[in-house]
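Just below is one structure, and these are the notes that go with it.
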Amino acid sequence: MTSRMNPYIQFRDTAKDALEFYARVFGGELTISTFGDMGVEGAEADKVMHGMLTTPSGFTLMTSDTPEQREHTPGGSITISLSGDDADDLRGWFAALSEGADVTLPLAVQRWGDEFGMLTDSFGTNWMVNIATSQARPQA
């Protein structure tokens, strides 16, 4: 197996809902383990200890619920960036992520020639989407 880097998003009690939402947006296979599955009893037993979405596009997104005794800052200082030249997929993902989101910059052609937009989804996760256009790509 080669090394890879994956976003791992912490939530407060909404990791399962967020993963199910992202699965609707991107498709793919979900795996979820709760704290109860690992032997924890009580109020946190049903919360997500580790969740993972593996998508047909090759994305892997991991999540968990932050235990009550730990500090939680939604969104933190991380933004997930989706970029490429598959305009249909990227526009579709932006539209789907926009459901209930705070769209801070609507997806539109920017000064550098690409389509670009930003939003904070309904779970507090920050996203950027950049669609490369032929005008913005270097000529070979």
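Just so we're on the same page: first chain in the structure tokens is A, next is B, and so on; residues restart at 1 for each chain, and ligands are numbered from 1 in the order they show up.
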
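Of the residues in stretch 3-70 of chain A, those given helix (DSSP H, G or I) by DSSP on the backbone are A:Ala15, A:Lys16, A:Asp17, A:Ala18, A:Leu19, A:Glu20, A:Phe21, A:Tyr22, A:Ala23, A:Arg24, A:Val25, A:Phe26, A:Gly36, A:Asp37, A:Met38.
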
For the residues in the current selection, export C-alpha atoms as a tab-separated table (two decimals), in the first residue's frame.
chain	number	residue	atom	x	y	z
A	15	ALA	CA	-20.44	12.60	12.40
A	16	LYS	CA	-22.91	9.91	11.26
A	17	ASP	CA	-25.28	12.47	9.71
A	18	ALA	CA	-22.36	14.23	8.03
A	19	LEU	CA	-20.97	10.98	6.60
A	20	GLU	CA	-24.38	10.00	5.26
A	21	PHE	CA	-24.68	13.47	3.65
A	22	TYR	CA	-21.21	13.20	2.07
A	23	ALA	CA	-22.10	9.71	0.80
A	24	ARG	CA	-25.16	11.21	-0.95
A	25	VAL	CA	-22.95	13.96	-2.43
A	26	PHE	CA	-19.98	11.84	-3.57
A	36	GLY	CA	-20.01	1.34	21.88
A	37	ASP	CA	-18.58	-1.04	19.29
A	38	MET	CA	-15.25	-0.56	21.07

Shell of 12 Å around A:Asp86, only C-alpha atoms, local chain residues under 2 positions omitted, as a count of residues only = 17

Residue with smallest distance to A:Thr60 - pool A:Phe35, A:Trp112, A:Phe94, A:Tyr8, counting only C-alpha atoms = A:Tyr8

Quick one: of A:Gly117, A:Gly58, A:Pro106, A:Pro67, who's nearest to A:Asp13, counting only C-alpha atoms?
-> A:Pro67

Long-range neighbours of A:Thr14 as a ChimeraX atom specification, 12 Å cut-off, only C-alpha atoms, 3 positions minimum in chain | /A:9-11,17-21,46-49,51,63-67,74,122-125

Near A:Asn126, within 8 Å and counting only C-alpha atoms, which residues show up once chain neighbours fewer than 6 positions away are dropped, as a list in words?
-> Gly75, Ile78, Thr79, Ile80, Met118, Leu119 and Thr120 of chain A
